[in-house]
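What follows is the content of my_file-v4.cif, which has mmCIF, C-alpha atoms:
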data_protein
loop_
_atom_site.label_atom_id
_atom_site.label_comp_id
_atom_site.auth_asym_id
_atom_site.auth_seq_id
_atom_site.Cartn_x
_atom_site.Cartn_y
_atom_site.Cartn_z
CA MET S 1 -63.04 -18.88 229.46
CA ARG S 2 -61.04 -15.94 228.15
CA LEU S 3 -57.31 -16.32 227.58
CA GLU S 4 -56.48 -14.00 230.49
CA GLU S 5 -58.73 -16.00 232.82
CA MET S 6 -57.07 -19.27 231.85
CA GLU S 7 -53.63 -17.75 232.38
CA THR S 8 -54.71 -16.70 235.89
CA MET S 9 -56.02 -20.21 236.57
CA LEU S 10 -52.77 -21.85 235.46
CA SER S 11 -50.72 -19.44 237.54
CA ARG S 12 -52.69 -20.38 240.64
CA LEU S 13 -52.11 -24.02 239.85
CA GLY S 14 -48.36 -23.37 239.68
CA ILE S 15 -48.16 -24.12 235.96
CA GLU S 16 -45.61 -21.94 234.16
CA ILE S 17 -46.77 -20.50 230.84
CA VAL S 18 -44.16 -20.84 228.10
CA SER S 19 -46.05 -19.23 225.23
CA THR S 20 -49.52 -18.47 223.87
CA ARG S 21 -50.86 -18.62 220.34
CA GLY S 22 -54.46 -17.61 219.82
CA ASN S 23 -56.43 -19.55 222.43
CA GLU S 24 -53.72 -22.20 222.91
CA ILE S 25 -51.36 -21.98 225.88
CA GLN S 26 -48.10 -23.93 225.92
CA SER S 27 -46.36 -25.16 229.07
CA TYR S 28 -44.36 -27.96 230.64
CA CYS S 29 -46.59 -31.01 231.10
CA PRO S 30 -47.96 -31.28 234.69
CA GLY S 31 -48.61 -35.01 234.23
CA HIS S 32 -45.28 -35.88 232.62
CA LYS S 33 -43.51 -37.16 235.72
CA ALA S 34 -46.35 -39.48 236.70
CA ILE S 35 -46.35 -41.05 233.24
CA LYS S 36 -42.69 -40.91 232.22
CA GLY S 37 -41.04 -40.90 235.63
CA LYS S 38 -39.28 -37.59 235.03
CA GLU S 39 -40.18 -33.93 234.69
CA ASP S 40 -40.97 -32.49 231.28
CA SER S 41 -37.88 -30.71 229.88
CA ASN S 42 -39.26 -29.94 226.42
CA PRO S 43 -42.66 -28.22 226.73
CA SER S 44 -45.15 -30.18 224.62
CA TRP S 45 -48.30 -29.63 226.69
CA TYR S 46 -51.08 -27.36 225.44
CA ILE S 47 -54.39 -26.24 226.92
CA ASN S 48 -57.21 -24.53 225.06
CA SER S 49 -58.57 -21.52 226.95
CA ASP S 50 -61.99 -21.79 225.28
CA THR S 51 -62.70 -25.46 226.02
CA GLY S 52 -60.30 -26.32 228.83
CA ALA S 53 -59.16 -29.39 226.89
CA HIS S 54 -55.46 -30.13 227.32
CA ILE S 55 -52.96 -32.61 225.89
CA CYS S 56 -49.24 -33.41 226.01
CA PHE S 57 -47.95 -34.52 222.61
CA SER S 58 -44.95 -36.17 224.26
CA CYS S 59 -46.41 -38.42 227.01
CA GLY S 60 -50.11 -38.43 226.05
CA TYR S 61 -51.42 -36.86 229.26
CA LYS S 62 -54.78 -35.21 228.48
CA GLY S 63 -58.20 -34.30 229.83
CA GLY S 64 -60.21 -31.23 230.83
CA LEU S 65 -59.77 -28.40 233.30
CA MET S 66 -61.49 -30.12 236.21
CA SER S 67 -59.46 -33.30 235.77
CA LEU S 68 -56.33 -31.13 235.57
CA ILE S 69 -57.20 -29.51 238.90
CA CYS S 70 -57.88 -32.96 240.37
CA ASP S 71 -54.44 -34.19 239.29
CA VAL S 72 -52.42 -31.10 240.23
CA LYS S 73 -54.12 -30.57 243.60
CA GLN S 74 -54.54 -34.32 244.25
CA VAL S 75 -58.24 -33.97 245.08
CA ASP S 76 -61.51 -35.43 243.81
CA TYR S 77 -63.96 -33.63 241.53
CA ALA S 78 -66.02 -32.07 244.33
CA ASP S 79 -62.92 -30.65 246.04
CA ALA S 80 -61.59 -29.41 242.69
CA LYS S 81 -64.80 -27.50 242.15
CA ASP S 82 -64.59 -26.03 245.67
CA TRP S 83 -61.00 -24.97 244.99
CA PHE S 84 -62.11 -23.27 241.79
CA TYR S 85 -64.58 -21.13 243.73
CA LEU S 86 -62.44 -20.40 246.78
CA GLU S 87 -59.17 -19.66 245.03
CA ASN S 88 -60.54 -17.96 241.97
CA GLU S 89 -63.32 -15.65 243.12
CA ASP S 90 -62.84 -13.44 240.09
CA LEU S 91 -63.51 -16.46 237.86
CA SER S 92 -66.48 -17.86 239.77
CA LEU S 93 -68.93 -16.08 237.50
CA VAL S 94 -67.63 -18.17 234.62
CA MET S 95 -68.63 -21.34 236.45
CA GLU S 96 -71.96 -19.88 237.51
CA ARG S 97 -72.82 -18.93 233.93
CA ALA S 98 -72.17 -22.47 232.77
CA GLU S 99 -74.20 -24.05 235.58
CA LYS S 100 -77.19 -21.81 234.90
CA LYS S 101 -77.19 -23.15 231.36
CA GLU S 102 -77.14 -26.66 232.86
CA GLU S 103 -74.08 -27.64 230.89
CA PRO S 104 -70.49 -28.38 231.97
CA ILE S 105 -68.04 -25.50 231.82
CA PHE S 106 -65.63 -27.76 229.96
CA LYS S 107 -66.14 -31.03 228.16
CA GLU S 108 -63.99 -33.74 229.70
CA ILE S 109 -61.93 -35.99 227.43
CA THR S 110 -62.31 -39.55 228.68
CA GLU S 111 -60.22 -41.57 226.23
CA ILE S 112 -57.51 -43.34 228.21
CA SER S 113 -54.46 -45.14 226.85
CA GLU S 114 -53.52 -48.65 228.05
CA ALA S 115 -50.07 -47.21 228.69
CA ARG S 116 -51.46 -45.36 231.72
CA LEU S 117 -51.80 -48.69 233.55
CA ALA S 118 -48.01 -49.05 233.42
CA LEU S 119 -47.91 -46.61 236.34
CA PHE S 120 -49.32 -49.33 238.58
CA THR S 121 -48.01 -52.64 239.92
CA ASP S 122 -49.35 -55.92 241.26
CA PRO S 123 -50.85 -55.51 244.75
CA PRO S 124 -48.35 -56.24 247.56
CA ALA S 125 -48.65 -59.43 249.62
CA GLU S 126 -49.75 -57.50 252.72
CA ALA S 127 -52.69 -55.85 250.95
CA LEU S 128 -53.71 -59.12 249.29
CA ALA S 129 -53.70 -60.94 252.62
CA ALA S 130 -55.73 -58.21 254.31
CA ARG S 131 -58.55 -58.69 251.78
CA GLY S 132 -58.19 -62.46 251.47
CA PHE S 133 -57.15 -62.21 247.81
CA LYS S 134 -55.06 -64.62 245.81
CA ILE S 135 -52.56 -62.91 243.52
CA GLU S 136 -53.79 -65.11 240.64
CA SER S 137 -57.35 -63.79 241.10
CA ALA S 138 -56.17 -60.19 241.28
CA GLN S 139 -54.21 -60.67 238.06
CA GLU S 140 -57.11 -62.44 236.35
CA TYR S 141 -59.32 -59.40 236.95
CA GLU S 142 -56.49 -56.92 236.28
CA VAL S 143 -56.67 -55.43 239.77
CA LEU S 144 -53.57 -53.29 240.26
CA TRP S 145 -51.90 -51.14 242.90
CA ASP S 146 -50.84 -47.51 243.05
CA PRO S 147 -47.60 -47.68 245.07
CA LYS S 148 -47.40 -43.91 245.39
CA HIS S 149 -50.71 -43.53 247.21
CA ASN S 150 -51.36 -47.11 248.43
CA ASN S 151 -54.61 -47.41 246.46
CA TRP S 152 -56.33 -50.35 244.81
CA ILE S 153 -56.80 -49.78 241.07
CA THR S 154 -59.67 -51.54 239.28
CA PRO S 155 -59.85 -50.92 235.51
CA ILE S 156 -63.17 -49.93 233.95
CA ARG S 157 -63.56 -51.38 230.46
CA ASN S 158 -66.14 -51.38 227.71
CA PRO S 159 -67.98 -54.71 228.15
CA PHE S 160 -68.09 -55.36 224.40
CA THR S 161 -64.77 -54.06 223.05
CA ASN S 162 -62.73 -54.37 226.26
CA LYS S 163 -61.40 -50.87 225.59
CA LEU S 164 -60.01 -49.18 228.69
CA MET S 165 -62.33 -46.37 229.80
CA GLY S 166 -60.52 -45.49 233.03
CA TRP S 167 -60.30 -46.93 236.51
CA GLN S 168 -61.60 -46.77 240.05
CA GLU S 169 -59.23 -45.99 242.92
CA LYS S 170 -59.87 -47.18 246.46
CA GLY S 171 -57.68 -46.46 249.47
CA TYR S 172 -56.03 -49.21 251.47
CA VAL S 173 -54.59 -47.34 254.46
CA LYS S 174 -57.03 -44.43 254.53
CA ARG S 175 -60.60 -43.92 253.38
CA TYR S 176 -60.33 -42.74 249.79
CA PHE S 177 -62.39 -43.28 246.66
CA LYS S 178 -62.16 -41.79 243.17
CA ASN S 179 -63.21 -42.58 239.61
CA TYR S 180 -60.72 -41.58 236.93
CA PRO S 181 -61.08 -39.72 234.65
CA THR S 182 -63.68 -37.28 235.92
CA GLY S 183 -67.06 -37.98 234.33
CA ILE S 184 -66.26 -41.57 233.29
CA GLU S 185 -69.44 -43.42 232.29
CA LYS S 186 -68.93 -46.41 234.57
CA SER S 187 -72.68 -47.07 234.34
CA LYS S 188 -72.00 -48.47 230.87
CA ALA S 189 -69.52 -51.02 232.22
CA LEU S 190 -69.89 -54.18 234.29
CA PHE S 191 -66.70 -55.29 236.03
CA GLY S 192 -65.88 -58.94 235.32
CA PHE S 193 -68.52 -59.32 232.61
CA ARG S 194 -66.13 -60.59 229.94
CA ARG S 195 -65.03 -63.39 232.26
CA TYR S 196 -68.55 -64.69 232.81
CA ASP S 197 -68.98 -67.88 230.77
CA GLY S 198 -72.36 -69.14 231.91
CA GLY S 199 -74.04 -70.48 235.01
CA ARG S 200 -74.74 -68.36 238.05
CA LEU S 201 -74.04 -64.62 237.76
CA ILE S 202 -73.41 -62.96 241.14
CA VAL S 203 -73.98 -59.20 241.03
CA VAL S 204 -72.11 -57.23 243.71
CA GLU S 205 -71.35 -53.54 244.16
CA SER S 206 -67.55 -53.48 244.46
CA PRO S 207 -65.03 -54.88 241.96
CA LEU S 208 -62.90 -55.97 244.93
CA ASP S 209 -65.73 -58.25 246.06
CA VAL S 210 -65.52 -59.97 242.67
CA VAL S 211 -61.85 -60.68 243.34
CA ARG S 212 -62.70 -62.03 246.79
CA LEU S 213 -65.28 -64.40 245.27
CA ALA S 214 -62.74 -65.66 242.74
CA SER S 215 -60.10 -66.04 245.46
CA VAL S 216 -62.28 -68.51 247.40
CA GLY S 217 -63.23 -70.41 244.26
CA VAL S 218 -66.63 -68.85 243.55
CA SER S 219 -66.93 -67.89 239.89
CA GLY S 220 -69.43 -65.70 238.09
CA GLY S 221 -68.94 -62.46 240.01
CA VAL S 222 -69.58 -59.10 238.36
CA ALA S 223 -69.70 -55.62 239.89
CA THR S 224 -71.80 -52.55 239.10
CA PHE S 225 -69.31 -50.06 240.64
CA GLY S 226 -71.85 -49.04 243.29
CA SER S 227 -75.41 -49.62 244.45
CA LEU S 228 -77.00 -47.92 241.42
CA VAL S 229 -77.69 -50.18 238.45
CA SER S 230 -78.11 -48.57 235.03
CA LYS S 231 -80.25 -49.72 232.11
CA ASP S 232 -77.08 -50.67 230.24
CA GLN S 233 -75.97 -52.87 233.12
CA VAL S 234 -79.42 -54.44 233.45
CA ASN S 235 -79.33 -55.37 229.76
CA LEU S 236 -75.99 -57.10 230.32
CA ILE S 237 -77.14 -58.86 233.48
CA ARG S 238 -80.50 -60.13 232.28
CA GLY S 239 -78.93 -62.44 229.69
CA ALA S 240 -77.28 -64.63 232.36
CA ASP S 241 -78.38 -68.22 233.04
CA GLN S 242 -79.14 -67.45 236.69
CA ILE S 243 -78.90 -64.05 238.40
CA VAL S 244 -78.19 -63.53 242.10
CA PHE S 245 -78.08 -59.96 243.38
CA ALA S 246 -75.71 -59.68 246.34
CA PHE S 247 -75.74 -55.96 247.07
CA ASP S 248 -74.24 -54.78 250.36
CA ASN S 249 -75.99 -55.64 253.59
CA ASP S 250 -76.76 -52.01 254.46
CA ASP S 251 -79.49 -49.44 253.82
CA ALA S 252 -78.18 -48.48 250.38
CA GLY S 253 -77.85 -52.13 249.38
CA ARG S 254 -81.36 -52.96 250.55
CA ILE S 255 -82.79 -50.00 248.63
CA ALA S 256 -80.92 -51.18 245.52
CA SER S 257 -82.32 -54.69 246.00
CA GLN S 258 -85.85 -53.34 246.32
CA LYS S 259 -85.47 -51.36 243.10
CA MET S 260 -84.07 -54.41 241.29
CA LEU S 261 -86.94 -56.54 242.56
CA GLU S 262 -89.45 -54.08 241.14
CA LEU S 263 -87.53 -53.82 237.86
CA THR S 264 -87.15 -57.56 237.32
CA VAL S 265 -90.85 -58.08 237.96
CA SER S 266 -91.78 -55.35 235.48
CA LEU S 267 -89.37 -56.76 232.87
CA SER S 268 -90.51 -60.34 233.52
CA PHE S 269 -87.18 -61.99 234.22
CA GLU S 270 -86.40 -63.99 237.32
CA CYS S 271 -83.59 -63.51 239.78
CA TRP S 272 -82.52 -64.34 243.31
CA PHE S 273 -81.35 -62.21 246.23
CA PHE S 274 -78.39 -63.21 248.41
CA ASN S 275 -79.43 -64.35 251.89
CA TYR S 276 -77.62 -62.41 254.64
CA THR S 277 -79.83 -63.86 257.39
CA ASP S 278 -77.09 -65.85 259.12
CA THR S 279 -74.36 -63.20 259.01
CA ALA S 280 -73.78 -59.64 260.18
CA MET S 281 -71.21 -59.02 257.46
CA LYS S 282 -71.67 -55.91 255.31
CA ASP S 283 -70.84 -57.65 252.03
CA VAL S 284 -69.57 -60.90 250.54
CA GLY S 285 -66.04 -59.47 250.53
CA GLY S 286 -65.78 -60.01 254.28
CA MET S 287 -67.26 -63.50 254.35
CA SER S 288 -65.73 -66.97 254.32
CA LYS S 289 -66.32 -69.35 251.43
CA SER S 290 -68.82 -71.41 253.44
CA GLU S 291 -70.77 -68.27 254.42
CA ILE S 292 -70.86 -67.14 250.80
CA LEU S 293 -72.08 -70.50 249.57
CA ILE S 294 -74.82 -70.63 252.21
CA GLY S 295 -75.97 -67.15 251.21
CA LEU S 296 -76.04 -68.17 247.55
CA ASP S 297 -77.65 -71.56 248.03
CA THR S 298 -80.42 -70.09 250.22
CA ALA S 299 -80.91 -66.99 248.05
CA LYS S 300 -84.55 -65.92 247.78
CA HIS S 301 -86.38 -65.97 244.47
CA SER S 302 -87.90 -62.78 243.13
CA LEU S 303 -91.30 -64.43 242.77
CA HIS S 304 -91.57 -64.28 246.55
CA GLY S 305 -91.88 -60.51 246.23
CA ILE S 306 -91.02 -58.39 249.24
CA LYS S 307 -90.31 -61.53 251.29
CA ALA S 308 -87.29 -62.12 249.06
CA LEU S 309 -85.61 -59.16 250.70
CA THR S 310 -86.36 -59.96 254.33
#

Could you express the structure from this file as structure tokens?
Amino acid sequence: MRLEEMETMLSRLGIEIVSTRGNEIQSYCPGHKAIKGKEDSNPSWYINSDTGAHICFSCGYKGGLMSLICDVKQVDYADAKDWFYLENEDLSLVMERAEKKEEPIFKEITEISEARLALFTDPPAEALAARGFKIESAQEYEVLWDPKHNNWITPIRNPFTNKLMGWQEKGYVKRYFKNYPTGIEKSKALFGFRRYDGGRLIVVESPLDVVRLASVGVSGGVATFGSLVSKDQVNLIRGADQIVFAFDNDDAGRIASQKMLELTVSLSFECWFFNYTDTAMKDVGGMSKSEILIGLDTAKHSLHGIKALT
């Protein structure tokens, strides 16, 4: 993006330009208040017009252009892209050129500091009670709370180094879902993996379901952050003593189970599939301890083939 185009973009985002030097634009940090609790009074934020990469040398706020739009406009990636087109028609050709080359217009920076988690708090008692969580279980799995937006915050960490990669946000009052930062490779992570110490591994979709399992005294829960399971996650899962897939009791979950059945057969490792026969619940997160244990104890072995899923 040319310097003039980036200046137009920032103006439409309400970001005041303090100075420019080459392809670097200086301004007051748009993420300063969220991190430091006060507005930036000494401009230390810079954005590169060529790459879209930005950083504040005072508070550490950084990322790419799309994540900047997400933060300033308080929208997800898809809405940020729509805003780019609708509000910046004269710049839309820039985006189109990049997409035709099948490459992102800007490379997102995904390194996240642990300090960013200081923005969040322990979940309030009301939210814990609504999900049937114990505060000790939420703390064990580092599940936090965004008091500004009333969202659950579940950290996404490297399963080997435990390095913070970002987090997943899920609404409590309203339907809301977002992965932060944009483009985070959550497929390389497995929520709860570092707390698995042998025995039965229960694979669910949502990190919050792992907390529910722990809250009722069922250990071994891990989450894939959705119904799609990557090769990296499979490699982590297959080393467990016993594997039970407990994907959601809906169409997407059943499709995921079918794919895992086919994969485990082809890779020659055994597993079980959670038995939802005696419940109409969508997932283990809404079930009682006795219902969960029945579903686990009557789980169907993969050697039964398609019957394991019915």

| Spatial neighbours of range 127-133 of chain S, 10 Å, all atoms listed in the file, chain gap at least 2 places, as a VMD selection string | chain S and resid 122 to 125 135 to 138 145 150 to 152 172 to 173 208 to 209 211 to 216 285 to 288

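Here CA of Ile25 in chain S and CA of Tyr61 in chain S stand 15.3 Å from one another.
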
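Taking CA of Gly220 in chain S and CA of Leu201 in chain S as endpoints, the distance between them is 4.7 Å.
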
| task | Figure out the distance between CA of Cys56 in chain S and CA of His149 in chain S, please, to one decimal in Å. | result |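 Those two atoms sit 23.5 Å apart.
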
| field | All residues 9 Å or closer to Phe177 in chain S, only C-alpha atoms, same chain fewer than 4 positions away omitted, as a list in words | value |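 Everything that qualifies: Asp76, Asn151, Gln168, Glu169, Lys170 and Gly171 of chain S.
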
| request: Give me the residues within 12 Å of range 11-21 of chain S as a count of residues only, counting only C-alpha atoms and dropping any in the same chain fewer than 6 places off. | output: 35

| Evaluating the PyMOL selection byres ((chain S and resi 143) around 6) on the displayed file yields which residues, as a ChimeraX atom specification? | /S:138,141-142,144,153-154

So that all listed atoms of range 212-216 of chain S fit with 5 Å spare on each side, what axis-aligned box centre and edge lengths in Å, to one decimal, would you give as JSON?
{"center_x": -62.7, "center_y": -65.3, "center_z": 245.1, "size_x": 15.2, "size_y": 16.5, "size_z": 14.7}

| message | Given the PyMOL selection byres ((chain S and resi 259) around 12) and the file above, list the residues it selects as a list in words. | response | Ser227, Leu228, Val229, Ser230, Val234, Phe245, Phe247, Ala252, Gly253, Arg254, Ile255, Ala256, Ser257, Gln258, Met260, Leu261, Glu262, Leu263, Thr264, Val265, Ser266, Ser302, Gly305, Ile306 and Leu309 of chain S

| request: Rank nothing, just name the residue among S:Arg175, S:Lys62, S:Lys231, S:Lys81 nearest to Ser187 in chain S, using only C-alpha atoms. | output: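 Answer, going by the shortest atom-to-atom distance: S:Lys231.
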
Neighbours of point (-53.2, -47.6, 227.8) within 12 Å, using only C-alpha atoms, written as a PDB file with C-alpha atoms, in the frame of the given file:
ATOM      1  CA  ILE S  35     -46.350 -41.050 233.240  1.00  0.00           C
ATOM      2  CA  CYS S  59     -46.410 -38.420 227.010  1.00  0.00           C
ATOM      3  CA  GLY S  60     -50.110 -38.430 226.050  1.00  0.00           C
ATOM      4  CA  TYR S  61     -51.420 -36.860 229.260  1.00  0.00           C
ATOM      5  CA  GLU S 111     -60.220 -41.570 226.230  1.00  0.00           C
ATOM      6  CA  ILE S 112     -57.510 -43.340 228.210  1.00  0.00           C
ATOM      7  CA  SER S 113     -54.460 -45.140 226.850  1.00  0.00           C
ATOM      8  CA  GLU S 114     -53.520 -48.650 228.050  1.00  0.00           C
ATOM      9  CA  ALA S 115     -50.070 -47.210 228.690  1.00  0.00           C
ATOM     10  CA  ARG S 116     -51.460 -45.360 231.720  1.00  0.00           C
ATOM     11  CA  LEU S 117     -51.800 -48.690 233.550  1.00  0.00           C
ATOM     12  CA  ALA S 118     -48.010 -49.050 233.420  1.00  0.00           C
ATOM     13  CA  LEU S 119     -47.910 -46.610 236.340  1.00  0.00           C
ATOM     14  CA  PHE S 120     -49.320 -49.330 238.580  1.00  0.00           C
ATOM     15  CA  PRO S 155     -59.850 -50.920 235.510  1.00  0.00           C
ATOM     16  CA  ILE S 156     -63.170 -49.930 233.950  1.00  0.00           C
ATOM     17  CA  ARG S 157     -63.560 -51.380 230.460  1.00  0.00           C
ATOM     18  CA  ASN S 162     -62.730 -54.370 226.260  1.00  0.00           C
ATOM     19  CA  LYS S 163     -61.400 -50.870 225.590  1.00  0.00           C
ATOM     20  CA  LEU S 164     -60.010 -49.180 228.690  1.00  0.00           C
ATOM     21  CA  MET S 165     -62.330 -46.370 229.800  1.00  0.00           C
ATOM     22  CA  GLY S 166     -60.520 -45.490 233.030  1.00  0.00           C
ATOM     23  CA  TRP S 167     -60.300 -46.930 236.510  1.00  0.00           C
TER      24      TRP S 167
END

| said: I'd like to see the residues matched by the PyMOL selection byres ((chain S and resi 244) around 8) on this file, and ideally I'd get them as a PyMOL selection string. | reply: chain S and resi 200-203+242-243+245-246+271-274+296+299

Residue selection dump (C-alpha atoms) as a short mmCIF file (atom, residue, chain, number, x, y, z; two decimals), in the frame of the given file:
data_model
loop_
_atom_site.label_atom_id
_atom_site.label_comp_id
_atom_site.auth_asym_id
_atom_site.auth_seq_id
_atom_site.Cartn_x
_atom_site.Cartn_y
_atom_site.Cartn_z
CA ARG S 200 -74.74 -68.36 238.05
CA LEU S 201 -74.04 -64.62 237.76
CA ILE S 202 -73.41 -62.96 241.14
CA VAL S 203 -73.98 -59.20 241.03
CA GLN S 242 -79.14 -67.45 236.69
CA ILE S 243 -78.90 -64.05 238.40
CA PHE S 245 -78.08 -59.96 243.38
CA ALA S 246 -75.71 -59.68 246.34
CA CYS S 271 -83.59 -63.51 239.78
CA TRP S 272 -82.52 -64.34 243.31
CA PHE S 273 -81.35 -62.21 246.23
CA PHE S 274 -78.39 -63.21 248.41
CA LEU S 296 -76.04 -68.17 247.55
CA ALA S 299 -80.91 -66.99 248.05
#

| message | Using only C-alpha atoms for the distances, tell me which of S:Gly295, S:Phe225, S:Tyr180, S:Thr121 is nearest to Pro147 in chain S. | response | S:Thr121
